[in-house]
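Enquirer: Have a look at this one before I ask anything.
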Amino acid sequence: MTQTTQIVLAKRPQGAVTSDCFRLEHPALPALGDGQILVRTLYLSLDPYMRPRMTELRSYTPPFELDQPLTGGAVAEVLESRNPKFAAGDVVTGMLNWATHQVHDGRGLRKVERDAAPLSAHLGILGMPGFTAWHGMLRMGQPKAGETVFVSAATGAVGQLAGQLAKLQGARVVGCAGDDAKCSYATSALGYDACFNHRAETDYGAVLDRLCPDGIDVDFENVGGTIFHAVFARMKNFGRMVMCGAISEYQDSKPQPGPEKMFTIVQRRLRIEGFIVSDHMAGMGAFVTEVGALLKAGKIHHRETVVEGLEQAPAAFIGLLKGENFGKLVVKVG
């Protein structure tokens with residue numbers, strides 16, 4: 001009988017997520033039934049979108065259940081199998097528990113080649129964050145040569161690829177990030193034309209007027225709040241706003257009001273669209289082929305922060321919500 005170590009949701013946060021929202025448990029796993037596999041988690045993805053699911057009881061996906069394991073993107077190795085689609089030794093990626101081991105029915109899991117790329121890359125640049133950037137920027141934002149694109153959270157797991165893809169289309173790309181080192185990386189390694197430190201700047205409108213003097217054609221929105229409001233006021237006619245996330249608002253106890261003068265949407269004929277990338281999984285194969293080739297050719301770059309040990313996941317997740325990570329945040333479990 002296999003024993004696992006898992007992290008469960010101990011209580012729903014009120015405002016900021018705190019360490020007592022999590023609990024470490026060590027249950028025994030049941031024997032495999034027909035169609036099931038036993039997996040050992042190798043890497044676990046930490047994602048800011050988990051925060052609303054810890055609280056919201058009416059969400060686009062079911063909320064996390066109290067006293068049940070948290071779930072997230074993961075890379076795992078199959079240890080035992082009673083499922084004809086999987087064999088011991090296969091490496092898979094998909095949504096799994098925050099746990100060292102898990103019994104799973106295999107649905108929603110995708111095999112990946114062990115040596116095609118570092119395994120953690122399948123949770124970042126070649127995983128759901130990369131797919132989110134690819135679909136949101138190219139399929140929805142559709143940047144064109146000569147246009148101005150703004151990417152908030154420019155060096156995050158999604159933003160770091162979104163900006164590079166826009167640049168490859170010939171756009172001028174401006175972003176923001178949470179410290180000077182991240183902004184320097186955005187311009188020196190990712191190809192951004194400009195990036196500002198949103199923790200150091202106090203007047204977002206003024207800095208956007210300086211860096212985007214002719215306005216903004218495409219906004220790839222990851223942050224929300226006052227940055228989003230400033231960008232909204234500077235969108236050009238026929239601009240596209242791709243609403244990917246709003247990390248600055250996830251821990252607010254009350255919803256923030258929307259930007260002023262919403263009639264701007266009509267006056268400037270804006271297209272504003274939110275999306276959840278899991279609705280577009282039919283494009284995953286094309287994404288992996290295209291971005292995998294760019295990565296292999298050295299035409300795109302990425303960074304990740306790796307935390308060692310499942311027990312460190314809660315503290316790392318709390319830090320993620322404060323912007324302490326650099327690039328994609330993953331936990332090395334096994």
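To be explicit about the labels: the chains of the structure tokens are called A, B, and onward in the order shown, and within each one the residues are counted from 1, while ligands get numbers from 1 in the order they are shown.
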Determine, for each residue of segment 249-313 of chain A having at least one atom at most 12 Å from an atom of segment 97-116 of chain A, the closest pair of atoms and their separation in Å to one decimal, counting only C-alpha atoms; order by chain and ascending number, as CSV.

Expert:
```
residue,atom,partner,partner_atom,distance
A:Ser278,CA,A:Gly108,CA,11.0
A:Met281,CA,A:Gly108,CA,10.7
A:Met284,CA,A:Arg110,CA,10.8
A:Gly285,CA,A:Arg110,CA,11.1
A:Val288,CA,A:Val112,CA,10.9
A:Thr289,CA,A:Ala116,CA,11.9
A:Gly292,CA,A:Ala116,CA,9.4
A:Ala293,CA,A:Ala116,CA,11.3
A:Leu295,CA,A:Ala116,CA,11.2
A:Lys296,CA,A:Ala116,CA,9.8
A:Gly309,CA,A:Thr100,CA,9.6
A:Leu310,CA,A:Ala99,CA,7.3
A:Glu311,CA,A:Ala99,CA,9.6
A:Gln312,CA,A:Trp98,CA,11.1
A:Ala313,CA,A:Trp98,CA,8.4
```

Enquirer: What are the DSSP helix (DSSP H, G or I) residues of segment 276-333 of chain A, as a ChimeraX atom specification?

Expert: /A:277-296,310-321

Enquirer: Skip segment 236-252 of chain A itself and residues of its chain fewer than 6 positions away, then list as a ChimeraX atom specification all residues within 7 Å of it, counting only C-alpha atoms.

Expert: /A:15-16,48,51-52,136,140-141,215-225,268-275

Enquirer: Quote the spacing between atom CA of Lys167 of chain A and atom CA of Tyr192 of chain A in Å to one decimal place.

Expert: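 Atom CA of Tyr192 of chain A lies 7.4 Å from atom CA of Lys167 of chain A.
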
Enquirer: Mind checking which residues fall within 10 Å of Leu79 of chain A, counting only C-alpha atoms, ignoring those fewer than 4 positions away in the same chain, and posting them as a list in words?

Expert: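 Once the adjacent positions are removed, what remains is Ile37, Leu38, Val39, Arg40, Phe86, Ala87, Ala88, Gly89, Asp90, Val91 and His101 of chain A.
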
Enquirer: Report the residues of segment 125-196 of chain A whose backbone DSSP state falls under strand (DSSP E), written as a short mmCIF file (atom, residue, chain, number, x, y, z; two decimals) with N, CA, C and O atoms, in the first residue's frame.

Expert:
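So the final result, stored in out.cif, reads:
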```
data_model
loop_
_atom_site.label_atom_id
_atom_site.label_comp_id
_atom_site.auth_asym_id
_atom_site.auth_seq_id
_atom_site.Cartn_x
_atom_site.Cartn_y
_atom_site.Cartn_z
N THR A 148 1.21 49.04 -31.30
CA THR A 148 1.74 49.08 -29.93
C THR A 148 0.96 48.10 -29.07
O THR A 148 -0.27 48.16 -29.00
N VAL A 149 1.70 47.20 -28.42
CA VAL A 149 1.11 46.18 -27.55
C VAL A 149 1.60 46.43 -26.13
O VAL A 149 2.79 46.67 -25.90
N PHE A 150 0.66 46.36 -25.17
CA PHE A 150 1.03 46.47 -23.76
C PHE A 150 0.74 45.15 -23.06
O PHE A 150 -0.34 44.57 -23.23
N VAL A 151 1.72 44.68 -22.28
CA VAL A 151 1.57 43.43 -21.52
C VAL A 151 1.85 43.72 -20.06
O VAL A 151 2.97 44.09 -19.69
N ARG A 172 5.48 46.92 -31.60
CA ARG A 172 6.25 47.56 -30.54
C ARG A 172 5.62 47.13 -29.22
O ARG A 172 4.41 47.27 -29.04
N VAL A 173 6.44 46.61 -28.29
CA VAL A 173 5.90 45.97 -27.09
C VAL A 173 6.40 46.68 -25.84
O VAL A 173 7.61 46.86 -25.65
N VAL A 174 5.45 47.08 -25.00
CA VAL A 174 5.73 47.75 -23.74
C VAL A 174 5.09 46.92 -22.63
O VAL A 174 4.01 46.35 -22.81
N GLY A 175 5.75 46.84 -21.48
CA GLY A 175 5.19 46.07 -20.38
C GLY A 175 5.45 46.72 -19.04
O GLY A 175 6.09 47.78 -18.94
N CYS A 176 4.96 46.07 -18.00
CA CYS A 176 5.28 46.47 -16.63
C CYS A 176 5.57 45.21 -15.83
O CYS A 176 5.12 44.12 -16.15
N ALA A 177 6.38 45.38 -14.78
CA ALA A 177 6.74 44.28 -13.90
C ALA A 177 6.97 44.85 -12.51
O ALA A 177 6.94 46.07 -12.32
N ALA A 194 10.16 48.59 -24.03
CA ALA A 194 10.21 49.35 -22.78
C ALA A 194 9.44 48.59 -21.72
O ALA A 194 8.53 47.80 -22.03
N CYS A 195 9.81 48.82 -20.46
CA CYS A 195 9.12 48.18 -19.34
C CYS A 195 9.27 49.08 -18.13
O CYS A 195 10.36 49.62 -17.88
N PHE A 196 8.20 49.28 -17.37
CA PHE A 196 8.30 50.11 -16.17
C PHE A 196 7.95 49.30 -14.92
O PHE A 196 7.20 48.33 -14.96
#
```

Enquirer: Considering only C-alpha atoms, state which residue in the set A:Asp47, A:Met54, A:His26, A:Asp193 is at the smallest distance from Arg12 of chain A.

Expert: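 Of A:Asp47, A:Met54, A:His26, A:Asp193, the one nearest Arg12 of chain A, counting only C-alpha atoms, is A:Met54.
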
Enquirer: Calculate how many Å separate atom CA of Asn325 of chain A from atom CA of Ala181 of chain A, rounding to one decimal.

Expert: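 Calculated distance between atom CA of Asn325 of chain A and atom CA of Ala181 of chain A is 11.8 Å.
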
Enquirer: Which residues are near Ala315 of chain A? Cut-off 9 Å, only C-alpha atoms, ignore same chain within fewer than 4 positions. Put them as number ranges by chain.

Expert: A: 18-19, 311, 319-320

Enquirer: Which residue gives the smallest distance to Ala200 of chain A among A:Gly178, A:Gly323, A:Gly127, A:Pro30, with only C-alpha atoms counted?

Expert: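 Going through A:Gly178, A:Gly323, A:Gly127, A:Pro30 one by one, the smallest distance to Ala200 of chain A is for A:Gly178.
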